[in-house]
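See below for the structure under consideration.
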Amino acid sequence: MLLMFGALILPGQTLEAHVFSAFYIFNIATGMLITLKKREFFRMVAVLLGCSLVLAFLDTPIFPTIDPLVPQIAIYFAFHAVVAVVLIDEMLRTFEENYRVVLGVLSGYISIGMVSFFLFILIEHMHPGSFKGLPIEDLNTHSQEEALMYAAFITLMTIGYGDIVPITPIARKAAIIVGLAGQFYMVVLTAIIVGKFLKYRQPRKKD
């Protein structure tokens, strides 16, 4: 939520670099806590973050022919995908009936949005110009990242204002996948969770 709406509380409606980094570090820490109960997933995210740190401290890129940020973005994409899977699995397994479940459902949806966000960034870095309508990149305000985050969540919610448009085949296919994921989550997973609530809230018949 801080990553999405942090620009609303900062001067100039922009995310400064150090604030963006602080928000994202908090986001990673939260993801680690979410996977802590499931050892296999926790090991996966620990390995991913370890690889990210190694890449950050390397002086020379491992893949000289591609954008040096692509491996890092791919790691973040995989990290958020694992977190989203864990959150959705927890929601499907829960039998609680309180506000924490509602927050869990919301967190799962936002996590899918973050996966979509990094998918869009990955595509844009691998195939520059895949999205029409992006602002000129500004490293101090993360203008393109903000625009792609907006595009990812708008696509996930299937709103589609048309201000940022996928124009390459891979970007269009990614937009279709993101839209389908949003609809599947809202229609199928939410219906399953609500159905479980209704089932366990039914009064038991007296003998």
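Just remember, in the structure tokens the first chain shown is A, the second B, etc., residues are 1-based per chain, and ligands are 1-based in the order shown.
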For this session: Tell me which protein, DNA and RNA residues are within 6 Å of range 110-118 of chain A, counting only C-alpha atoms, leaving out same-chain ones fewer than 2 positions away, and put them as a list in words.
Result: Phe77, His80, Ala81, Ala84, Ser107, Gly108, Phe120, Ile121, Leu122, Met149, Ala152 and Phe153 of chain A
For this session: Fewer than 2 positions away in the same chain doesn't count, so skip those; otherwise give me all residues within 12 Å of Leu55 in chain A, counting only C-alpha atoms, as a count of residues only.
Result: 21
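Across the structure, CA of Met44 in chain A and CA of Ile25 in chain A are spaced 17.7 Å apart.
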Exercise. Do you have the CA of Lys38 in chain A-CA of Tyr185 in chain A distance handy?
Worked result: 22.2 Å
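With only C-alpha atoms taken into account, the protein and nucleic acid residues at most 12 Å from Thr30 in chain A (excluding it and anything under 3 positions from it in its own chain) are A:Met1, A:Phe23, A:Tyr24, A:Ile25, A:Phe26, A:Asn27, A:Leu33, A:Ile34, A:Thr35, A:Leu36, A:Phe42, A:Val45, A:Phe79, A:His80, A:Val83, A:Ala84, A:Leu87, A:Ser107, A:Ser111.
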Now that the selection is made, can you save its residues with C-alpha atoms as a PDB file, in the first residue's frame?
ATOM      1  CA  MET A   1       0.000   0.000   0.000  1.00  0.00           C
ATOM      2  CA  PHE A  23       9.080   1.274   1.206  1.00  0.00           C
ATOM      3  CA  TYR A  24      10.315  -1.616  -0.891  1.00  0.00           C
ATOM      4  CA  ILE A  25      12.658  -2.932   1.819  1.00  0.00           C
ATOM      5  CA  PHE A  26       9.650  -2.958   4.173  1.00  0.00           C
ATOM      6  CA  ASN A  27       7.706  -4.831   1.503  1.00  0.00           C
ATOM      7  CA  LEU A  33       7.480 -12.963   7.371  1.00  0.00           C
ATOM      8  CA  ILE A  34       4.562 -14.292   5.313  1.00  0.00           C
ATOM      9  CA  THR A  35       6.616 -17.269   4.092  1.00  0.00           C
ATOM     10  CA  LEU A  36       8.220 -17.951   7.483  1.00  0.00           C
ATOM     11  CA  PHE A  42      10.957 -19.480   2.954  1.00  0.00           C
ATOM     12  CA  VAL A  45      12.667 -16.498  -1.055  1.00  0.00           C
ATOM     13  CA  PHE A  79       9.855 -13.364  -5.037  1.00  0.00           C
ATOM     14  CA  HIS A  80       6.431 -11.733  -5.282  1.00  0.00           C
ATOM     15  CA  VAL A  83       4.555 -14.598  -1.696  1.00  0.00           C
ATOM     16  CA  ALA A  84       1.302 -14.431  -3.667  1.00  0.00           C
ATOM     17  CA  LEU A  87      -1.003 -15.839   0.707  1.00  0.00           C
ATOM     18  CA  SER A 107      -3.148  -8.710   0.512  1.00  0.00           C
ATOM     19  CA  SER A 111       0.438  -9.378  -4.251  1.00  0.00           C
TER      20      SER A 111
END
